[in-house]
>>> print(open('entry-v1.cif').read())   # mmCIF, C-alpha atoms and all ligand atoms
data_input
loop_
_atom_site.label_atom_id
_atom_site.label_comp_id
_atom_site.auth_asym_id
_atom_site.auth_seq_id
_atom_site.Cartn_x
_atom_site.Cartn_y
_atom_site.Cartn_z
CA MET W 491 37.07 -111.06 -16.64
CA ILE W 492 36.85 -113.80 -19.26
CA LYS W 493 38.73 -117.02 -18.72
CA GLU W 494 40.32 -119.24 -21.30
CA LYS W 495 37.89 -120.84 -23.78
CA GLU W 496 34.90 -119.04 -22.29
CA TYR W 497 32.46 -116.54 -23.61
CA VAL W 498 30.43 -113.61 -22.29
CA LEU W 499 27.25 -112.25 -23.84
CA GLY W 500 25.87 -108.79 -23.01
CA LEU W 501 22.39 -107.42 -23.68
CA GLY W 502 22.20 -103.67 -24.30
CA ASP W 503 23.79 -100.81 -26.18
CA CYS W 504 27.31 -101.83 -27.15
CA VAL W 505 28.92 -98.52 -26.24
CA SER W 506 27.70 -98.78 -22.62
CA GLU W 507 28.36 -102.52 -22.42
CA MET W 508 31.91 -102.10 -23.72
CA HIS W 509 32.71 -100.03 -20.62
CA ASP W 510 32.91 -103.39 -18.78
CA ILE W 511 35.74 -104.61 -21.01
CA ARG W 512 39.29 -104.06 -19.82
CA ASP W 513 41.69 -101.77 -21.71
CA ARG W 514 43.89 -103.57 -24.25
CA SER W 515 42.28 -106.99 -23.71
CA VAL W 516 40.77 -107.78 -27.13
CA ASP W 517 42.69 -109.31 -30.06
CA LEU W 518 40.09 -108.91 -32.83
CA ILE W 519 36.85 -106.98 -33.26
CA LEU W 520 34.86 -108.75 -35.97
CA THR W 521 31.55 -107.02 -36.43
CA ASP W 522 28.65 -106.18 -38.67
CA PRO W 523 26.99 -102.99 -37.41
CA PRO W 524 23.86 -101.33 -38.82
CA TYR W 525 24.63 -99.99 -42.30
CA ASN W 526 21.92 -97.37 -41.81
CA LEU W 527 20.39 -97.76 -45.22
CA GLY W 528 16.76 -97.62 -44.02
CA LEU W 529 16.12 -93.88 -44.45
CA PHE W 530 18.25 -93.74 -47.58
CA MET W 531 16.11 -96.44 -49.20
CA LYS W 532 12.87 -94.95 -47.88
CA ASN W 533 13.70 -91.54 -49.31
CA ARG W 534 14.27 -93.15 -52.70
CA GLU W 535 10.87 -94.84 -52.32
CA THR W 536 12.57 -98.21 -52.50
CA ASN W 537 10.56 -101.01 -51.00
CA LEU W 538 13.36 -102.38 -48.91
CA GLY W 539 11.17 -105.11 -47.47
CA ALA W 540 10.31 -106.46 -50.89
CA LEU W 541 13.85 -106.04 -52.16
CA ARG W 542 15.40 -108.06 -49.42
CA LYS W 543 12.51 -110.42 -48.79
CA ASN W 544 13.19 -110.60 -45.12
CA HIS W 545 12.33 -108.77 -41.89
CA PHE W 546 14.92 -106.07 -42.44
CA SER W 547 12.43 -103.22 -43.03
CA ALA W 548 10.54 -104.13 -39.86
CA SER W 549 13.68 -103.87 -37.73
CA ASN W 550 14.37 -100.48 -36.27
CA TRP W 551 18.17 -100.68 -36.08
CA ASP W 552 18.75 -99.50 -39.62
CA PHE W 553 16.67 -96.32 -39.55
CA ALA W 554 18.75 -93.85 -37.52
CA ALA W 555 19.20 -90.31 -38.84
CA ALA W 556 22.64 -89.94 -40.47
CA ASP W 557 24.03 -87.80 -37.63
CA LYS W 558 22.84 -90.29 -34.98
CA TRP W 559 24.45 -93.18 -36.84
CA GLU W 560 27.74 -91.28 -37.15
CA GLU W 561 27.55 -90.47 -33.44
CA LEU W 562 27.15 -94.19 -32.64
CA MET W 563 30.04 -95.09 -34.95
CA ASN W 564 32.25 -92.42 -33.32
CA LYS W 565 31.55 -93.72 -29.82
CA PHE W 566 32.01 -97.29 -31.00
CA PHE W 567 35.45 -96.57 -32.52
CA GLN W 568 36.50 -94.61 -29.45
CA GLU W 569 35.69 -97.58 -27.17
CA SER W 570 37.20 -100.02 -29.67
CA ALA W 571 40.52 -98.14 -29.63
CA ARG W 572 40.55 -98.52 -25.84
CA VAL W 573 39.66 -102.23 -25.56
CA LEU W 574 41.71 -103.53 -28.51
CA LYS W 575 45.30 -104.51 -27.89
CA LYS W 576 47.99 -102.47 -29.56
CA ARG W 577 48.21 -103.89 -33.11
CA GLY W 578 44.87 -105.68 -32.60
CA ALA W 579 42.69 -105.91 -35.70
CA MET W 580 39.18 -104.93 -36.66
CA ILE W 581 37.11 -106.28 -39.53
CA MET W 582 33.89 -104.36 -40.06
CA PHE W 583 31.29 -105.40 -42.64
CA MET W 584 29.77 -102.36 -44.28
CA SER W 585 27.71 -101.20 -47.21
CA ILE W 586 30.02 -100.02 -50.00
CA ILE W 587 28.49 -96.52 -50.00
CA ARG W 588 29.38 -96.04 -46.31
CA VAL W 589 33.03 -97.19 -46.50
CA GLU W 590 34.62 -93.76 -46.82
CA THR W 591 32.65 -92.36 -43.87
CA ILE W 592 33.75 -95.27 -41.68
CA ILE W 593 37.42 -94.93 -42.65
CA HIS W 594 37.30 -91.21 -41.81
CA ILE W 595 35.81 -91.93 -38.35
CA ALA W 596 38.22 -94.80 -37.61
CA GLU W 597 41.29 -92.70 -38.41
CA LYS W 598 40.19 -90.07 -35.87
CA TYR W 599 40.64 -92.69 -33.12
CA GLY W 600 44.06 -93.90 -34.21
CA PHE W 601 43.10 -96.84 -36.43
CA TYR W 602 45.31 -97.61 -39.39
CA TYR W 603 43.28 -98.37 -42.49
CA LYS W 604 44.54 -101.48 -44.29
CA THR W 605 42.06 -102.85 -46.81
CA THR W 606 38.57 -102.69 -48.21
CA GLY W 607 37.55 -106.14 -49.39
CA ILE W 608 34.44 -107.67 -50.87
CA TRP W 609 32.22 -110.52 -49.79
CA HIS W 610 30.46 -112.03 -52.80
CA LYS W 611 27.26 -113.99 -52.16
CA LYS W 612 27.08 -116.80 -54.68
CA ASN W 613 23.32 -117.32 -54.45
CA PRO W 614 21.60 -113.96 -53.79
CA MET W 615 17.84 -113.59 -54.21
CA PRO W 616 17.36 -112.89 -57.97
CA ARG W 617 14.53 -110.42 -57.36
CA ASN W 618 13.64 -108.21 -60.35
CA MET W 619 16.57 -109.72 -62.23
CA ASN W 620 15.32 -108.35 -65.56
CA LEU W 621 15.29 -104.77 -64.27
CA HIS W 622 18.68 -104.25 -62.65
CA PHE W 623 21.93 -105.72 -61.35
CA ILE W 624 21.32 -108.16 -58.53
CA ASN W 625 22.96 -107.02 -55.33
CA SER W 626 25.41 -109.76 -54.39
CA THR W 627 28.25 -107.94 -52.61
CA GLU W 628 29.03 -106.31 -49.29
CA ALA W 629 32.26 -104.64 -48.27
CA TRP W 630 34.46 -105.41 -45.28
CA ILE W 631 37.04 -103.00 -43.94
CA TYR W 632 40.24 -104.07 -42.20
CA PHE W 633 41.91 -101.81 -39.62
CA ILE W 634 44.79 -102.13 -37.17
CA ASN W 635 44.66 -100.37 -33.81
CA GLN W 636 47.78 -98.31 -33.06
CA GLY W 637 50.12 -99.98 -35.47
CA LYS W 638 50.38 -100.97 -39.08
CA THR W 639 50.45 -104.77 -38.95
CA GLY W 640 49.18 -107.46 -36.63
CA THR W 641 48.60 -111.22 -36.57
CA PHE W 642 48.24 -112.53 -40.12
CA ASN W 643 48.29 -116.35 -40.24
CA ASN W 644 48.53 -116.76 -44.00
CA GLU W 645 51.04 -119.64 -43.71
CA GLY W 646 52.95 -118.44 -46.76
CA LYS W 647 49.89 -118.35 -49.01
CA ILE W 648 48.37 -115.43 -50.91
CA VAL W 649 45.13 -114.23 -49.33
CA HIS W 650 42.86 -112.25 -51.65
CA ASP W 651 40.81 -109.25 -50.56
CA TYR W 652 37.78 -111.05 -51.94
CA ILE W 653 35.77 -113.76 -50.21
CA GLU W 654 32.95 -115.79 -51.58
CA SER W 655 30.31 -117.98 -50.00
CA ALA W 656 26.70 -119.00 -50.26
CA VAL W 657 24.23 -117.02 -48.14
CA ILE W 658 23.33 -118.79 -44.89
CA SER W 659 21.72 -122.19 -44.92
CA ALA W 660 18.60 -123.20 -42.97
CA LYS W 661 20.89 -125.31 -40.75
CA GLU W 662 22.63 -122.13 -39.54
CA GLN W 663 19.25 -120.70 -38.52
CA LYS W 664 18.03 -123.58 -36.41
CA GLU W 665 18.15 -121.53 -33.18
CA GLY W 666 16.11 -118.71 -34.81
CA LYS W 667 16.27 -116.27 -37.70
CA HIS W 668 18.15 -113.02 -37.94
CA PRO W 669 17.51 -110.97 -41.11
CA THR W 670 21.15 -110.18 -41.85
CA GLN W 671 22.91 -113.21 -40.40
CA LYS W 672 26.43 -113.75 -41.76
CA PRO W 673 27.60 -117.25 -42.76
CA GLU W 674 29.92 -118.91 -40.27
CA GLU W 675 32.32 -119.80 -43.08
CA ILE W 676 33.35 -116.19 -43.76
CA LEU W 677 33.61 -115.33 -40.07
CA SER W 678 35.88 -118.37 -39.50
CA HIS W 679 38.10 -117.18 -42.34
CA PHE W 680 38.85 -113.87 -40.58
CA ILE W 681 39.13 -115.40 -37.10
CA LYS W 682 41.70 -118.00 -38.15
CA LEU W 683 43.70 -115.51 -40.21
CA LEU W 684 43.80 -112.67 -37.67
CA THR W 685 43.92 -114.41 -34.27
CA ASN W 686 45.54 -117.36 -32.51
CA GLU W 687 44.06 -119.99 -30.18
CA ASN W 688 42.71 -118.54 -26.89
CA ASP W 689 42.72 -115.01 -28.27
CA LEU W 690 39.68 -112.87 -27.47
CA VAL W 691 37.25 -111.97 -30.28
CA LEU W 692 34.68 -109.21 -29.69
CA ASP W 693 31.49 -108.62 -31.68
CA PRO W 694 29.64 -105.58 -30.25
CA PHE W 695 26.77 -105.87 -32.81
CA MET W 696 26.55 -109.65 -32.61
CA GLY W 697 22.95 -110.20 -33.83
CA SER W 698 22.37 -113.95 -33.65
CA GLY W 699 25.89 -114.69 -32.40
CA SER W 700 27.38 -116.21 -35.57
CA THR W 701 30.78 -114.63 -34.84
CA GLY W 702 30.70 -116.25 -31.40
CA LEU W 703 30.04 -119.72 -32.76
CA ALA W 704 32.84 -119.36 -35.32
CA ALA W 705 35.19 -118.13 -32.56
CA LEU W 706 34.42 -120.98 -30.15
CA LYS W 707 34.78 -123.59 -32.89
CA ALA W 708 38.23 -122.15 -33.65
CA LYS W 709 39.14 -122.34 -29.90
CA ARG W 710 39.09 -118.57 -29.39
CA ARG W 711 37.32 -116.77 -26.54
CA PHE W 712 34.35 -114.57 -27.36
CA TYR W 713 32.61 -111.45 -26.05
CA GLY W 714 29.34 -110.56 -27.77
CA ILE W 715 26.88 -107.68 -27.30
CA GLU W 716 23.41 -107.23 -28.78
CA LEU W 717 20.76 -104.54 -28.29
CA GLU W 718 17.64 -106.53 -29.12
CA GLU W 719 16.55 -109.28 -26.77
CA GLN W 720 15.12 -111.53 -29.50
CA TYR W 721 18.54 -111.78 -31.18
CA TYR W 722 20.43 -111.97 -27.89
CA ASP W 723 18.25 -114.99 -27.05
CA ILE W 724 19.16 -116.69 -30.33
CA ALA W 725 22.85 -116.10 -29.60
CA THR W 726 22.44 -117.47 -26.08
CA ARG W 727 20.88 -120.67 -27.42
CA LYS W 728 23.43 -120.98 -30.23
CA LEU W 729 26.49 -120.64 -28.01
CA GLY W 730 24.90 -122.58 -25.15
CA GLY W 731 24.43 -125.52 -27.52
CA PHE W 732 28.07 -125.51 -28.62
CA LYS W 733 30.00 -128.48 -27.31
C1 LIG W 801 23.72 -106.35 -39.16
S1 LIG W 801 23.13 -107.01 -37.69
C2 LIG W 801 24.37 -108.21 -37.20
C3 LIG W 801 24.04 -109.63 -37.64
C4 LIG W 801 25.09 -110.63 -37.20
N1 LIG W 801 26.33 -110.46 -37.92
C5 LIG W 801 24.62 -112.08 -37.38
O1 LIG W 801 25.30 -112.85 -38.09
O2 LIG W 801 23.58 -112.45 -36.82
C6 LIG W 801 23.40 -105.70 -36.58
C7 LIG W 801 22.91 -105.97 -35.18
O3 LIG W 801 23.31 -104.88 -34.34
C8 LIG W 801 22.30 -104.67 -33.36
N2 LIG W 801 22.47 -103.31 -32.84
C9 LIG W 801 22.08 -102.13 -33.38
N3 LIG W 801 22.46 -101.09 -32.61
C10 LIG W 801 23.14 -101.63 -31.56
C11 LIG W 801 23.80 -101.08 -30.42
N4 LIG W 801 23.83 -99.76 -30.21
N5 LIG W 801 24.41 -101.92 -29.56
C12 LIG W 801 24.38 -103.27 -29.76
N6 LIG W 801 23.76 -103.85 -30.80
C13 LIG W 801 23.15 -103.05 -31.71
C14 LIG W 801 20.99 -104.92 -34.13
O4 LIG W 801 19.93 -105.25 -33.24
C15 LIG W 801 21.38 -106.08 -35.06
O5 LIG W 801 21.05 -107.34 -34.52
#
>>> encode(input="entry-v1.cif", output="C-alpha cells")
Amino acid sequence: MIKEKEYVLGLGDCVSEMHDIRDRSVDLILTDPPYNLGLFMKNRETNLGALRKNHFSASNWDFAAADKWEELMNKFFQESARVLKKRGAMIMFMSIIRVETIIHIAEKYGFYYKTTGIWHKKNPMPRNMNLHFINSTEAWIYFINQGKTGTFNNEGKIVHDYIESAVISAKEQKEGKHPTQKPEEILSHFIKLLTNENDLVLDPFMGSGSTGLAALKAKRRFYGIELEEQYYDIATRKLGGFK
C-alpha cells in the first residue's frame, strides 16, 4: 500500500479511513486527538476562545458529548490495535484530566500502558496571569501494542518523561494555521526514539500534518488522516513542499 519513503493522506473520519490500512503494518501511532474540553469549559462558563486566543472555540471537533467522544476513542483504539505491529508504540497527546479515561479504554484493546509524560510549553500566552496559574503543560501517554517493550533508540542515554519546547513559530505555520498545531521539534523527538528509518508512522488526527513533516524529515514513511478539509489542505501543501 505505501512504498518506502512515501506518504499517504486521507480525508475523512479516521475510524473509517483506517479500514484501508493493512493489519500489523504500522510501527508508531503518534497522534493528538480532540481532548473534548469544549463542553466542559462551556459548562463552567469559561470563555475558551478568550483563554486560548485562537480559533479553538470556533472549531467543532472539541464539543462532542462525553459518551460520543468515548465511543470515538474506543473505535480508534480498536482499529489501532489491528493496524499496529506487535510491540508497535503509540504516543497520544491528551489533556491531563482525560488521561485515566484513555488508559482505561486502551487497556480494553490490549495496549500496555507505559508512561504518562508532560510537554512543557516555555512561552505560553500569559493571559490573566495575575488571576491564576498559566496553563503551560499537556500530557502525552505512551502505550505498547501487544507487548511490554518496543523500539527505544535512547543510545545509552537517559530519556526523561518530560519534554520542553517553545510553542510553534510563525515559520511552522507558513502553509496555514491550525489552532492546536504541535511543534515539529517534539514530534521528531518521539519519531526518532520510537522508530527506525523507513518505518511507518500513522497520525489519524493529523490536523495540519506536523507529524508527517517530522516523519519525512527523519526518513520515515507517513500515513495521515484528517476530518476537516481546511486542515487536510494545509497538510497536503506542507508535505507536498517537502523535498
Ligand atoms: C488536536 S488537533 C491535531 C493537531 C495536529 N497535531 C497539528 O499539529 O496540526 C485534532 C484534529 O483531529 C481532527 N479530527 C477530529 N475528529 C476526527 C476524526 N473522527 N477523524 C479524523 N480527524 C478528526 C480535527 O479536525 C483536528 O484537526
>>> atom_distance(input="entry-v1.cif", atom1="atom CA of Ser678 of chain W", atom2="atom CA of Phe732 of chain W")
15.2 Å
>>> residues_near_ligand(input="entry-v1.cif", ligand="ligand LIG 801 (chain W)", cutoff="6 Å", atoms="all atoms listed in the file", output="JSON list (two decimals) with C-alpha atoms, keeping the file's coordinate frame")
[["chain", "number", "residue", "atom", "x", "y", "z"],
["W", 502, "GLY", "CA", 22.20, -103.67, -24.30],
["W", 503, "ASP", "CA", 23.79, -100.81, -26.18],
["W", 504, "CYS", "CA", 27.31, -101.83, -27.15],
["W", 522, "ASP", "CA", 28.65, -106.18, -38.67],
["W", 523, "PRO", "CA", 26.99, -102.99, -37.41],
["W", 524, "PRO", "CA", 23.86, -101.33, -38.82],
["W", 551, "TRP", "CA", 18.17, -100.68, -36.08],
["W", 668, "HIS", "CA", 18.15, -113.02, -37.94],
["W", 670, "THR", "CA", 21.15, -110.18, -41.85],
["W", 671, "GLN", "CA", 22.91, -113.21, -40.40],
["W", 672, "LYS", "CA", 26.43, -113.75, -41.76],
["W", 694, "PRO", "CA", 29.64, -105.58, -30.25],
["W", 695, "PHE", "CA", 26.77, -105.87, -32.81],
["W", 696, "MET", "CA", 26.55, -109.65, -32.61],
["W", 697, "GLY", "CA", 22.95, -110.20, -33.83],
["W", 698, "SER", "CA", 22.37, -113.95, -33.65],
["W", 699, "GLY", "CA", 25.89, -114.69, -32.40],
["W", 700, "SER", "CA", 27.38, -116.21, -35.57],
["W", 715, "ILE", "CA", 26.88, -107.68, -27.30],
["W", 716, "GLU", "CA", 23.41, -107.23, -28.78],
["W", 717, "LEU", "CA", 20.76, -104.54, -28.29],
["W", 718, "GLU", "CA", 17.64, -106.53, -29.12]]
>>> closest_residue(input="entry-v1.cif", among="W:Lys728, W:Arg617, W:Arg572, W:Lys598", to="Ile511 of chain W", atoms="only C-alpha atoms")
W:Arg572
>>> closest_residue(input="entry-v1.cif", among="W:Thr521, W:Ser506, W:Asn620, W:Gln568", to="Ile676 of chain W", atoms="all atoms listed in the file")
W:Thr521
>>> atom_distance(input="entry-v1.cif", atom1="atom CA of Glu674 of chain W", atom2="atom CA of Met563 of chain W")
24.4 Å
>>> atom_distance(input="entry-v1.cif", atom1="atom CA of Gly714 of chain W", atom2="atom CA of Leu692 of chain W")
5.8 Å
>>> residues_around(input="entry-v1.cif", residues="segment 635-644 of chain W", least_positions_apart="2", cutoff="12 Å", atoms="all atoms listed in the file", output="PyMOL selection string")
chain W and resi 514+516-519+567-581+596-605+632-633+646-650+679-687+689
>>> closest_residue(input="entry-v1.cif", among="W:Lys667, W:Ile592, W:Phe566, W:Leu729", to="Tyr713 of chain W", atoms="all atoms listed in the file")
W:Leu729
>>> residues_near_point(input="entry-v1.cif", point="(25.5, -126.0, -29.2)", cutoff="12 Å", atoms="only C-alpha atoms", output="PyMOL selection string")
chain W and resi 662+664-665+699-700+702-704+706-707+724-733
>>> closest_residue(input="entry-v1.cif", among="W:Met582, W:Leu520, W:Leu621, W:Met615", to="Val691 of chain W", atoms="only C-alpha atoms")
W:Leu520
>>> residues_around(input="entry-v1.cif", residues="Lys612 of chain W", least_positions_apart="3", cutoff="9 Å", atoms="all atoms listed in the file", output="PDB file with C-alpha atoms, keeping the file's coordinate frame")
ATOM      1  CA  SER W 626      25.410-109.760 -54.390  1.00  0.00           C
ATOM      2  CA  GLU W 654      32.950-115.790 -51.580  1.00  0.00           C
ATOM      3  CA  SER W 655      30.310-117.980 -50.000  1.00  0.00           C
ATOM      4  CA  ALA W 656      26.700-119.000 -50.260  1.00  0.00           C
ATOM      5  CA  VAL W 657      24.230-117.020 -48.140  1.00  0.00           C
TER       6      VAL W 657
END
>>> decode(input="entry-v1.cif", residues="segment 613-706 of chain W", atoms="C-alpha atoms", output="PDB file, in the first residue's frame")
ATOM      1  CA  ASN W 613       6.341  30.544  26.178  1.00  0.00           C
ATOM      2  CA  PRO W 614       2.570  30.106  26.744  1.00  0.00           C
ATOM      3  CA  MET W 615       0.198  33.047  26.381  1.00  0.00           C
ATOM      4  CA  PRO W 616       0.330  34.819  29.795  1.00  0.00           C
ATOM      5  CA  ARG W 617      -3.384  35.653  29.739  1.00  0.00           C
ATOM      6  CA  ASN W 618      -4.856  36.732  33.098  1.00  0.00           C
ATOM      7  CA  MET W 619      -1.507  35.973  34.713  1.00  0.00           C
ATOM      8  CA  ASN W 620      -2.449  37.846  37.890  1.00  0.00           C
ATOM      9  CA  LEU W 621      -5.557  35.713  38.424  1.00  0.00           C
ATOM     10  CA  HIS W 622      -4.388  32.122  38.094  1.00  0.00           C
ATOM     11  CA  PHE W 623      -1.680  29.651  37.081  1.00  0.00           C
ATOM     12  CA  ILE W 624      -0.869  29.925  33.401  1.00  0.00           C
ATOM     13  CA  ASN W 625      -1.597  26.701  31.575  1.00  0.00           C
ATOM     14  CA  SER W 626       1.708  25.578  30.097  1.00  0.00           C
ATOM     15  CA  THR W 627       1.511  21.771  30.096  1.00  0.00           C
ATOM     16  CA  GLU W 628      -0.122  18.945  28.194  1.00  0.00           C
ATOM     17  CA  ALA W 629       0.223  15.241  28.859  1.00  0.00           C
ATOM     18  CA  TRP W 630       1.336  12.520  26.473  1.00  0.00           C
ATOM     19  CA  ILE W 631       0.647   8.851  27.054  1.00  0.00           C
ATOM     20  CA  TYR W 632       2.903   6.053  25.831  1.00  0.00           C
ATOM     21  CA  PHE W 633       1.489   2.594  25.066  1.00  0.00           C
ATOM     22  CA  ILE W 634       2.800  -0.613  23.506  1.00  0.00           C
ATOM     23  CA  ASN W 635       0.513  -2.805  21.413  1.00  0.00           C
ATOM     24  CA  GLN W 636       0.558  -6.465  22.467  1.00  0.00           C
ATOM     25  CA  GLY W 637       3.825  -6.462  24.323  1.00  0.00           C
ATOM     26  CA  LYS W 638       5.644  -4.589  27.016  1.00  0.00           C
ATOM     27  CA  THR W 639       8.590  -3.038  25.166  1.00  0.00           C
ATOM     28  CA  GLY W 640       9.331  -1.920  21.640  1.00  0.00           C
ATOM     29  CA  THR W 641      11.883   0.155  19.724  1.00  0.00           C
ATOM     30  CA  PHE W 642      13.586   2.617  22.069  1.00  0.00           C
ATOM     31  CA  ASN W 643      16.590   4.312  20.427  1.00  0.00           C
ATOM     32  CA  ASN W 644      17.991   6.012  23.512  1.00  0.00           C
ATOM     33  CA  GLU W 645      21.609   5.197  22.536  1.00  0.00           C
ATOM     34  CA  GLY W 646      22.568   4.570  26.149  1.00  0.00           C
ATOM     35  CA  LYS W 647      21.276   7.918  27.392  1.00  0.00           C
ATOM     36  CA  ILE W 648      18.616   8.672  29.991  1.00  0.00           C
ATOM     37  CA  VAL W 649      15.399   9.948  28.418  1.00  0.00           C
ATOM     38  CA  HIS W 650      13.135  11.887  30.773  1.00  0.00           C
ATOM     39  CA  ASP W 651       9.343  11.668  30.738  1.00  0.00           C
ATOM     40  CA  TYR W 652       9.310  15.439  30.362  1.00  0.00           C
ATOM     41  CA  ILE W 653       9.792  17.403  27.158  1.00  0.00           C
ATOM     42  CA  GLU W 654      10.063  21.104  26.724  1.00  0.00           C
ATOM     43  CA  SER W 655       9.804  23.394  23.729  1.00  0.00           C
ATOM     44  CA  ALA W 656       8.556  26.759  22.619  1.00  0.00           C
ATOM     45  CA  VAL W 657       5.044  26.849  21.130  1.00  0.00           C
ATOM     46  CA  ILE W 658       5.061  26.855  17.327  1.00  0.00           C
ATOM     47  CA  SER W 659       6.757  29.612  15.398  1.00  0.00           C
ATOM     48  CA  ALA W 660       5.227  31.590  12.525  1.00  0.00           C
ATOM     49  CA  LYS W 661       7.626  29.734  10.203  1.00  0.00           C
ATOM     50  CA  GLU W 662       5.886  26.446  11.045  1.00  0.00           C
ATOM     51  CA  GLN W 663       2.550  27.978  10.021  1.00  0.00           C
ATOM     52  CA  LYS W 664       3.529  29.225   6.606  1.00  0.00           C
ATOM     53  CA  GLU W 665       1.197  26.774   4.817  1.00  0.00           C
ATOM     54  CA  GLY W 666      -1.755  27.856   7.012  1.00  0.00           C
ATOM     55  CA  LYS W 667      -2.816  27.969  10.645  1.00  0.00           C
ATOM     56  CA  HIS W 668      -4.161  25.194  12.803  1.00  0.00           C
ATOM     57  CA  PRO W 669      -5.318  26.227  16.304  1.00  0.00           C
ATOM     58  CA  THR W 670      -3.617  23.382  18.167  1.00  0.00           C
ATOM     59  CA  GLN W 671      -0.616  22.695  15.957  1.00  0.00           C
ATOM     60  CA  LYS W 672       2.203  20.815  17.703  1.00  0.00           C
ATOM     61  CA  PRO W 673       5.836  21.897  17.234  1.00  0.00           C
ATOM     62  CA  GLU W 674       7.845  19.702  14.889  1.00  0.00           C
ATOM     63  CA  GLU W 675      10.641  19.504  17.456  1.00  0.00           C
ATOM     64  CA  ILE W 676       8.631  17.425  19.942  1.00  0.00           C
ATOM     65  CA  LEU W 677       7.187  15.172  17.245  1.00  0.00           C
ATOM     66  CA  SER W 678      10.709  14.487  15.904  1.00  0.00           C
ATOM     67  CA  HIS W 679      11.805  13.538  19.410  1.00  0.00           C
ATOM     68  CA  PHE W 680       9.244  10.703  19.605  1.00  0.00           C
ATOM     69  CA  ILE W 681       9.708   9.580  15.995  1.00  0.00           C
ATOM     70  CA  LYS W 682      13.488   9.200  16.310  1.00  0.00           C
ATOM     71  CA  LEU W 683      13.246   7.488  19.691  1.00  0.00           C
ATOM     72  CA  LEU W 684      10.479   5.017  18.849  1.00  0.00           C
ATOM     73  CA  THR W 685      11.035   4.145  15.168  1.00  0.00           C
ATOM     74  CA  ASN W 686      13.805   3.387  12.692  1.00  0.00           C
ATOM     75  CA  GLU W 687      14.386   4.631   9.138  1.00  0.00           C
ATOM     76  CA  ASN W 688      11.651   3.556   6.668  1.00  0.00           C
ATOM     77  CA  ASP W 689       9.278   2.620   9.478  1.00  0.00           C
ATOM     78  CA  LEU W 690       5.655   3.684   9.055  1.00  0.00           C
ATOM     79  CA  VAL W 691       4.246   6.441  11.291  1.00  0.00           C
ATOM     80  CA  LEU W 692       0.473   6.956  11.442  1.00  0.00           C
ATOM     81  CA  ASP W 693      -1.346  10.072  12.658  1.00  0.00           C
ATOM     82  CA  PRO W 694      -5.133   9.523  12.390  1.00  0.00           C
ATOM     83  CA  PHE W 695      -5.943  13.034  13.759  1.00  0.00           C
ATOM     84  CA  MET W 696      -3.207  14.781  11.800  1.00  0.00           C
ATOM     85  CA  GLY W 697      -4.570  18.366  11.727  1.00  0.00           C
ATOM     86  CA  SER W 698      -2.061  20.386   9.711  1.00  0.00           C
ATOM     87  CA  GLY W 699       0.249  17.409   9.137  1.00  0.00           C
ATOM     88  CA  SER W 700       3.091  18.356  11.507  1.00  0.00           C
ATOM     89  CA  THR W 701       3.673  14.700  12.420  1.00  0.00           C
ATOM     90  CA  GLY W 702       4.006  13.913   8.720  1.00  0.00           C
ATOM     91  CA  LEU W 703       6.641  16.561   8.126  1.00  0.00           C
ATOM     92  CA  ALA W 704       8.646  15.394  11.142  1.00  0.00           C
ATOM     93  CA  ALA W 705       8.376  11.778   9.918  1.00  0.00           C
ATOM     94  CA  LEU W 706       9.510  12.537   6.353  1.00  0.00           C
TER      95      LEU W 706
END
